[in-house]
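S.K.: Mind looking over this structure? Questions follow.
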Amino acid sequence: MSSTPTQTRSRGRIGRRLVFSFVLLVMALVGSTGWGLYTLTRRSLEQQMGAHLVSVARLVASLPNLDLLRRLKPGSEDFKFYRSMNSRLRRVQEQVGAQRIYVFDREGLNLIDTEEKTPIGGQHHDLRIRDRLELARVWEGEAIHSVLFPDGDTYYMTGYAPVYTGDQIVAAVGVDLGVGFMESIRAFKRSLLIYAGVGLLLTVVVALVLAGTLTRPIQRLVLAARLIGQGNLGQAVDTSARDELGYLGETMEEMRRQLLARDAQLRQMLAGVAHEIRNPLGGIEIYAGLIADDLPAEDPRRQHIRKVIEAVRVLDKVITEFLAFARPAPPNPQWVGVGGLAEDAAFLMAPEMKAAQIEYRQEMAAGLQIYADPEQVRRAIFNLIKNSVEAMKKGGHLWVRGREKGGEVVVEVEDTGPGIPPQVRERLFEPFFTTKQKGSGLGLAITRQTLEENRGRIEVETTVGQGTVCRVILPGNTNGAPRA
């Protein structure tokens with residue numbers, strides 16, 4: 001048989017949402033601030049570099065006789081004037097640390113080039129493509145610099161300035177300068193990424209600490225509320241928080257005390273009523289027995305008297321359950337083998353199982369022992385077996401299994417009955433709730449109460465149409481109590 005646990009709606013955790021929101025906020029701030037700082041630093045350095053290049057370009061453009069270069073013809077590189085101008089430009093190049101200085105006309109034809117990459121009259125094709133907009137402003141008489149452009153692994157920037165003959169612009173100077181600050185910019189960017197990573201790690205740690213500080217009291221209040229909802233009123237609610245959660249805890253604690261007081265009053269009233277009913281019942285049973293003894297054996301009225309006695313005994317059993325629920329006896333724990341307790345419970349139900357044509361099988365691991373009250377645990381297992389037998393009116397299979405898990409002993413009572421509907425499953429351990437025509441509705445409530453008093457618990461898995469598994473979990477060999 002397969003059994004499926006009852007499903008509960010999953011809920012997100014405040015701690016996870018708080019950590020995610022806090023980390024997202026901090027990283028957004030750190031990321032935007034870091035990127036803004038990186039962009040601002042790079043832009044500032046580019047502007048400084050550009051201003052320096054414009055100054056160098058203007059200086060070169062102001063050299064005397066520079067405009068005369070436009071008179072040279074292709075192949076004039078060996079002329080004394082060309083070599084003299086080239087030498088002067090090379091000295092300026094070395095002084096300012098430029099990569100290259102060149103002069104060209106409006107058509108982009110080269111007039112002089114310190115690197116001799118382009119001969120006189122050669123075309124500077126890259127200028128027309130790369131710095132077309134900047135050159136248009138140069139021919140209008142403005143000194144300007146280009147944007148950064150890569151050449152292999154190195155970045156460059158070019159400064160431009162017009163060359164005049166009188167008031168007429170006849171040529172332009174280009175000064176290429178390698179941008180040495182790019183390596184510093186890359187190092188700065190790497191540092192920002194490292195700091196962002198460290199900041200992310202610290203943010204996560206701080207967020208986890210803050211989330212734990214906030215959610216731990218909430219989790220304690222949730223656990224307290226769940227225990228109160230289950231009817232476990234013996235554990236006080238933690239009210240140590242000094243904020244709104246502390247006020248909520250105090251309110252829940254006051255509610256718990258009031259429920260505990262009312263529960264004690266109800267139990268006392270229930271016990272008193274049960275005692276008041278039980279006393280006359282005893283007299284009814286005695287006098288009914290005397291009346292039956294006085295009647296002749298063949299008198300049909302003896303059968304009526306026996307039915308009265310049986311009804312009195314049924315009512316006395318109900319009252320006994322009432323008293324067990326209202327005034328439970330404190331447990332007397334000791335080490336005991338759980339297999340023997342299960343065998344005793346099954347022996348008591350053997351006639352009912354035989355009458356209902358139920359096949360019973362017990363599978364217990366060897367040497368299983370629990371530290372609990374033997375009689376109370378035997379009664380709890382008996383109640384679970386009885387419920388399974390009553391559920392299988394048309395026969396079926398019943399297993400009682402035992403194993404050790406994590407220092408606890410787990411006893412499972414599994415049947416092939418009709419299962420438990422969800423609406424009944426939710427109220428299964430509620431006192432006085434029953435789906436049977438006869439019964440007080442206290443059997444499972446007493447079973448759970450008994451197991452909890454023995455530091456155990458009960459779990460139920462059920463599938464409608466397939467069966468039910470009731471799992472009893474009790475302290476095992478890790479309790480530390482001395483063995484008998």
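Lettering and numbering for the structure tokens are positional, with chains as A, B, ... in the shown order, residues counted from 1 in each chain, and ligands counted from 1 in the shown order.
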Step one, run DSSP on the backbone; step two, keep only residues of range 160-276 of chain A assigned to strand (DSSP E or B); then write them as a PyMOL selection string.
M.R.: chain A and resi 160-165+168-178
S.K.: Just write the chosen residues, N, CA and C atoms, as a PDB file, in the first residue's frame.
M.R.:
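Printed below is selection.pdb as written:
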ATOM      1  N   TYR A 160      43.847  67.662 -32.612  1.00  0.00           N
ATOM      2  CA  TYR A 160      43.894  68.337 -33.903  1.00  0.00           C
ATOM      3  C   TYR A 160      43.901  69.851 -33.697  1.00  0.00           C
ATOM      4  N   ALA A 161      44.640  70.547 -34.579  1.00  0.00           N
ATOM      5  CA  ALA A 161      44.638  72.017 -34.571  1.00  0.00           C
ATOM      6  C   ALA A 161      44.838  72.507 -36.001  1.00  0.00           C
ATOM      7  N   PRO A 162      44.181  73.594 -36.412  1.00  0.00           N
ATOM      8  CA  PRO A 162      44.329  74.111 -37.779  1.00  0.00           C
ATOM      9  C   PRO A 162      45.646  74.871 -37.948  1.00  0.00           C
ATOM     10  N   VAL A 163      46.177  74.808 -39.185  1.00  0.00           N
ATOM     11  CA  VAL A 163      47.391  75.547 -39.567  1.00  0.00           C
ATOM     12  C   VAL A 163      46.954  76.692 -40.489  1.00  0.00           C
ATOM     13  N   TYR A 164      47.348  77.900 -40.143  1.00  0.00           N
ATOM     14  CA  TYR A 164      46.902  79.077 -40.872  1.00  0.00           C
ATOM     15  C   TYR A 164      48.008  79.637 -41.771  1.00  0.00           C
ATOM     16  N   THR A 165      47.558  80.244 -42.871  1.00  0.00           N
ATOM     17  CA  THR A 165      48.374  81.164 -43.669  1.00  0.00           C
ATOM     18  C   THR A 165      47.591  82.467 -43.710  1.00  0.00           C
ATOM     19  N   GLN A 168      43.652  82.222 -43.440  1.00  0.00           N
ATOM     20  CA  GLN A 168      43.158  81.062 -44.177  1.00  0.00           C
ATOM     21  C   GLN A 168      43.735  79.774 -43.604  1.00  0.00           C
ATOM     22  N   ILE A 169      42.849  78.795 -43.399  1.00  0.00           N
ATOM     23  CA  ILE A 169      43.264  77.476 -42.904  1.00  0.00           C
ATOM     24  C   ILE A 169      43.712  76.667 -44.100  1.00  0.00           C
ATOM     25  N   VAL A 170      44.978  76.267 -44.095  1.00  0.00           N
ATOM     26  CA  VAL A 170      45.545  75.556 -45.239  1.00  0.00           C
ATOM     27  C   VAL A 170      45.885  74.109 -44.919  1.00  0.00           C
ATOM     28  N   ALA A 171      45.974  73.777 -43.636  1.00  0.00           N
ATOM     29  CA  ALA A 171      46.328  72.399 -43.252  1.00  0.00           C
ATOM     30  C   ALA A 171      45.891  72.178 -41.795  1.00  0.00           C
ATOM     31  N   ALA A 172      46.154  70.977 -41.335  1.00  0.00           N
ATOM     32  CA  ALA A 172      45.820  70.625 -39.952  1.00  0.00           C
ATOM     33  C   ALA A 172      46.904  69.741 -39.377  1.00  0.00           C
ATOM     34  N   VAL A 173      47.114  69.856 -38.072  1.00  0.00           N
ATOM     35  CA  VAL A 173      48.104  69.060 -37.353  1.00  0.00           C
ATOM     36  C   VAL A 173      47.379  67.972 -36.563  1.00  0.00           C
ATOM     37  N   GLY A 174      47.940  66.780 -36.633  1.00  0.00           N
ATOM     38  CA  GLY A 174      47.432  65.677 -35.818  1.00  0.00           C
ATOM     39  C   GLY A 174      48.510  65.168 -34.886  1.00  0.00           C
ATOM     40  N   VAL A 175      48.183  65.024 -33.597  1.00  0.00           N
ATOM     41  CA  VAL A 175      49.137  64.527 -32.608  1.00  0.00           C
ATOM     42  C   VAL A 175      48.518  63.292 -31.942  1.00  0.00           C
ATOM     43  N   ASP A 176      49.103  62.134 -32.188  1.00  0.00           N
ATOM     44  CA  ASP A 176      48.647  60.885 -31.552  1.00  0.00           C
ATOM     45  C   ASP A 176      49.422  60.678 -30.265  1.00  0.00           C
ATOM     46  N   LEU A 177      48.683  60.387 -29.189  1.00  0.00           N
ATOM     47  CA  LEU A 177      49.327  60.185 -27.893  1.00  0.00           C
ATOM     48  C   LEU A 177      48.768  58.916 -27.259  1.00  0.00           C
ATOM     49  N   GLY A 178      49.655  58.014 -26.859  1.00  0.00           N
ATOM     50  CA  GLY A 178      49.214  56.807 -26.170  1.00  0.00           C
ATOM     51  C   GLY A 178      48.657  57.137 -24.795  1.00  0.00           C
TER      52      GLY A 178
END
S.K.: So that I can check the secondary structure, give me every residue of range 197-343 of chain A assigned helix (DSSP H, G or I) by backbone DSSP, as a PDB file with C-alpha atoms, in the first residue's frame.
M.R.:
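Now in out_2.pdb:
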ATOM      1  CA  GLY A 197      32.538  41.244  -4.263  1.00  0.00           C
ATOM      2  CA  VAL A 198      33.766  41.774  -0.699  1.00  0.00           C
ATOM      3  CA  GLY A 199      30.880  44.158  -0.135  1.00  0.00           C
ATOM      4  CA  LEU A 200      28.439  41.552  -1.436  1.00  0.00           C
ATOM      5  CA  LEU A 201      29.846  38.936   0.928  1.00  0.00           C
ATOM      6  CA  LEU A 202      29.716  41.297   3.912  1.00  0.00           C
ATOM      7  CA  THR A 203      26.216  42.383   2.901  1.00  0.00           C
ATOM      8  CA  VAL A 204      25.013  38.778   2.811  1.00  0.00           C
ATOM      9  CA  VAL A 205      26.565  38.102   6.235  1.00  0.00           C
ATOM     10  CA  VAL A 206      25.038  41.242   7.749  1.00  0.00           C
ATOM     11  CA  ALA A 207      21.685  40.509   6.089  1.00  0.00           C
ATOM     12  CA  LEU A 208      21.688  36.951   7.449  1.00  0.00           C
ATOM     13  CA  VAL A 209      22.466  38.217  10.946  1.00  0.00           C
ATOM     14  CA  LEU A 210      19.732  40.853  10.738  1.00  0.00           C
ATOM     15  CA  ALA A 211      17.263  38.372   9.247  1.00  0.00           C
ATOM     16  CA  GLY A 212      18.051  35.871  11.984  1.00  0.00           C
ATOM     17  CA  THR A 213      17.641  38.540  14.648  1.00  0.00           C
ATOM     18  CA  LEU A 214      14.224  39.396  13.241  1.00  0.00           C
ATOM     19  CA  THR A 215      12.930  35.984  12.199  1.00  0.00           C
ATOM     20  CA  ARG A 216      14.006  33.923  15.206  1.00  0.00           C
ATOM     21  CA  PRO A 217      11.470  35.641  17.518  1.00  0.00           C
ATOM     22  CA  ILE A 218       8.841  35.283  14.778  1.00  0.00           C
ATOM     23  CA  GLN A 219       9.603  31.564  14.436  1.00  0.00           C
ATOM     24  CA  ARG A 220       9.298  31.140  18.200  1.00  0.00           C
ATOM     25  CA  LEU A 221       5.925  32.905  18.142  1.00  0.00           C
ATOM     26  CA  VAL A 222       4.797  30.741  15.195  1.00  0.00           C
ATOM     27  CA  LEU A 223       5.798  27.596  17.108  1.00  0.00           C
ATOM     28  CA  ALA A 224       4.004  28.847  20.216  1.00  0.00           C
ATOM     29  CA  ALA A 225       0.873  29.633  18.185  1.00  0.00           C
ATOM     30  CA  ARG A 226       0.986  26.183  16.597  1.00  0.00           C
ATOM     31  CA  LEU A 227       1.295  24.508  20.000  1.00  0.00           C
ATOM     32  CA  ILE A 228      -1.613  26.556  21.339  1.00  0.00           C
ATOM     33  CA  GLY A 229      -3.660  25.633  18.279  1.00  0.00           C
ATOM     34  CA  GLU A 244       6.479  44.981  18.831  1.00  0.00           C
ATOM     35  CA  LEU A 245       7.209  41.249  18.699  1.00  0.00           C
ATOM     36  CA  GLY A 246       7.621  41.344  22.476  1.00  0.00           C
ATOM     37  CA  TYR A 247       4.193  42.954  22.820  1.00  0.00           C
ATOM     38  CA  LEU A 248       2.751  40.263  20.552  1.00  0.00           C
ATOM     39  CA  GLY A 249       4.430  37.578  22.654  1.00  0.00           C
ATOM     40  CA  GLU A 250       2.991  39.052  25.855  1.00  0.00           C
ATOM     41  CA  THR A 251      -0.486  39.070  24.303  1.00  0.00           C
ATOM     42  CA  MET A 252      -0.127  35.441  23.204  1.00  0.00           C
ATOM     43  CA  GLU A 253       1.160  34.471  26.649  1.00  0.00           C
ATOM     44  CA  GLU A 254      -1.845  36.120  28.277  1.00  0.00           C
ATOM     45  CA  MET A 255      -4.109  34.272  25.856  1.00  0.00           C
ATOM     46  CA  ARG A 256      -2.327  30.995  26.673  1.00  0.00           C
ATOM     47  CA  ARG A 257      -2.832  31.519  30.400  1.00  0.00           C
ATOM     48  CA  GLN A 258      -6.514  32.279  29.947  1.00  0.00           C
ATOM     49  CA  LEU A 259      -6.976  29.203  27.751  1.00  0.00           C
ATOM     50  CA  LEU A 260      -5.068  27.111  30.258  1.00  0.00           C
ATOM     51  CA  ALA A 261      -7.244  28.355  33.108  1.00  0.00           C
ATOM     52  CA  ARG A 262     -10.426  27.750  31.147  1.00  0.00           C
ATOM     53  CA  ASP A 263      -9.189  24.320  30.079  1.00  0.00           C
ATOM     54  CA  ALA A 264      -8.470  23.437  33.702  1.00  0.00           C
ATOM     55  CA  GLN A 265     -11.963  24.584  34.690  1.00  0.00           C
ATOM     56  CA  LEU A 266     -13.553  22.528  31.923  1.00  0.00           C
ATOM     57  CA  ARG A 267     -11.538  19.448  32.854  1.00  0.00           C
ATOM     58  CA  GLN A 268     -12.482  19.884  36.498  1.00  0.00           C
ATOM     59  CA  MET A 269     -16.137  20.274  35.578  1.00  0.00           C
ATOM     60  CA  LEU A 270     -15.932  17.252  33.260  1.00  0.00           C
ATOM     61  CA  ALA A 271     -14.329  15.129  35.972  1.00  0.00           C
ATOM     62  CA  GLY A 272     -16.948  16.250  38.493  1.00  0.00           C
ATOM     63  CA  VAL A 273     -19.813  15.437  36.152  1.00  0.00           C
ATOM     64  CA  ALA A 274     -18.268  12.049  35.323  1.00  0.00           C
ATOM     65  CA  HIS A 275     -17.932  11.201  39.016  1.00  0.00           C
ATOM     66  CA  GLU A 276     -21.523  12.271  39.710  1.00  0.00           C
ATOM     67  CA  ILE A 277     -22.754  10.035  36.887  1.00  0.00           C
ATOM     68  CA  ARG A 278     -20.494   7.087  37.706  1.00  0.00           C
ATOM     69  CA  ASN A 279     -21.713   6.748  41.322  1.00  0.00           C
ATOM     70  CA  PRO A 280     -25.404   6.104  40.483  1.00  0.00           C
ATOM     71  CA  LEU A 281     -24.345   3.923  37.544  1.00  0.00           C
ATOM     72  CA  GLY A 282     -22.611   1.603  39.957  1.00  0.00           C
ATOM     73  CA  GLY A 283     -25.817   1.343  41.958  1.00  0.00           C
ATOM     74  CA  ILE A 284     -27.871   0.741  38.812  1.00  0.00           C
ATOM     75  CA  GLU A 285     -25.577  -2.112  37.790  1.00  0.00           C
ATOM     76  CA  ILE A 286     -25.676  -3.690  41.248  1.00  0.00           C
ATOM     77  CA  TYR A 287     -29.462  -3.492  41.619  1.00  0.00           C
ATOM     78  CA  ALA A 288     -30.030  -4.642  38.067  1.00  0.00           C
ATOM     79  CA  GLY A 289     -27.877  -7.681  38.821  1.00  0.00           C
ATOM     80  CA  LEU A 290     -29.867  -8.396  41.989  1.00  0.00           C
ATOM     81  CA  ILE A 291     -33.136  -8.137  40.067  1.00  0.00           C
ATOM     82  CA  ALA A 292     -31.827 -10.542  37.449  1.00  0.00           C
ATOM     83  CA  ASP A 293     -30.765 -12.997  40.142  1.00  0.00           C
ATOM     84  CA  ASP A 294     -34.265 -12.913  41.666  1.00  0.00           C
ATOM     85  CA  ARG A 301     -37.173 -10.300  31.635  1.00  0.00           C
ATOM     86  CA  ARG A 302     -33.675 -11.479  32.553  1.00  0.00           C
ATOM     87  CA  GLN A 303     -32.583 -10.616  28.965  1.00  0.00           C
ATOM     88  CA  HIS A 304     -33.922  -7.095  29.389  1.00  0.00           C
ATOM     89  CA  ILE A 305     -31.994  -6.699  32.636  1.00  0.00           C
ATOM     90  CA  ARG A 306     -28.782  -7.943  30.954  1.00  0.00           C
ATOM     91  CA  LYS A 307     -29.228  -5.283  28.215  1.00  0.00           C
ATOM     92  CA  VAL A 308     -29.557  -2.681  30.945  1.00  0.00           C
ATOM     93  CA  ILE A 309     -26.337  -3.916  32.540  1.00  0.00           C
ATOM     94  CA  GLU A 310     -24.546  -3.874  29.158  1.00  0.00           C
ATOM     95  CA  ALA A 311     -25.710  -0.307  28.511  1.00  0.00           C
ATOM     96  CA  VAL A 312     -24.488   0.707  31.964  1.00  0.00           C
ATOM     97  CA  ARG A 313     -21.075  -0.815  31.245  1.00  0.00           C
ATOM     98  CA  VAL A 314     -20.842   1.020  27.899  1.00  0.00           C
ATOM     99  CA  LEU A 315     -21.699   4.270  29.645  1.00  0.00           C
ATOM    100  CA  ASP A 316     -19.126   3.525  32.343  1.00  0.00           C
ATOM    101  CA  LYS A 317     -16.500   3.019  29.626  1.00  0.00           C
ATOM    102  CA  VAL A 318     -17.346   6.421  28.150  1.00  0.00           C
ATOM    103  CA  ILE A 319     -17.076   8.003  31.584  1.00  0.00           C
ATOM    104  CA  THR A 320     -13.694   6.310  32.055  1.00  0.00           C
ATOM    105  CA  GLU A 321     -12.496   7.964  28.834  1.00  0.00           C
ATOM    106  CA  PHE A 322     -13.824  11.298  30.066  1.00  0.00           C
ATOM    107  CA  LEU A 323     -11.861  10.944  33.290  1.00  0.00           C
ATOM    108  CA  ALA A 324      -8.727   9.841  31.434  1.00  0.00           C
ATOM    109  CA  PHE A 325      -8.915  12.973  29.308  1.00  0.00           C
ATOM    110  CA  ALA A 326      -9.837  15.330  32.149  1.00  0.00           C
ATOM    111  CA  VAL A 338       8.074  -2.065  22.347  1.00  0.00           C
ATOM    112  CA  GLY A 339       7.528  -5.386  20.565  1.00  0.00           C
ATOM    113  CA  GLY A 340       5.879  -6.919  23.635  1.00  0.00           C
ATOM    114  CA  LEU A 341       3.567  -3.927  24.046  1.00  0.00           C
ATOM    115  CA  ALA A 342       2.430  -4.250  20.422  1.00  0.00           C
ATOM    116  CA  GLU A 343       1.863  -8.008  20.851  1.00  0.00           C
TER     117      GLU A 343
END
S.K.: Nearest to Glu430 in chain A among A:Thr416, A:Asn232, A:Gln357, A:Glu352, with distances taken over only C-alpha atoms: which residue is it?
M.R.: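 Of A:Thr416, A:Asn232, A:Gln357, A:Glu352, the one nearest Glu430 in chain A is A:Asn232, counting only C-alpha atoms.
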S.K.: Env of Arg130 in chain A: 9 Å cut, atoms = only C-alpha atoms, seq-sep filter 4 positions within chain, self excluded. Answer as a list in words.
M.R.: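 What passes the distance filter is His125, Asp126, Glu134, Ser146 and Phe149 of chain A.
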S.K.: Closest to His397 in chain A among A:Arg43, A:Arg361, A:Arg425, A:Arg378, using only C-alpha atoms?
M.R.: A:Arg361
S.K.: Select, from A:Leu68, A:Gly108, A:Glu359, A:Gly443, the residue with the minimum atom-to-atom distance to Ile129 in chain A, counting only C-alpha atoms.
M.R.: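 The answer is A:Gly108, which sits nearest to Ile129 in chain A.
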S.K.: Show which residues sit within 9 Å of Gly417 in chain A, as a ChimeraX atom specification. Count only C-alpha atoms, and ignore same-chain residues fewer than 4 positions away.
M.R.: /A:388-389,391-397,464-468
S.K.: Quick one, how far is CA of Thr39 in chain A from CA of Leu24 in chain A?
M.R.: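 These atoms are spaced 21.7 Å apart.
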S.K.: Between A:Gly407, A:Gly456, A:Gly419, A:Pro300, which is the closest to Gln376 in chain A once you count only C-alpha atoms?
M.R.: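 Among the listed residues, the smallest separation from Gln376 in chain A belongs to A:Gly456.
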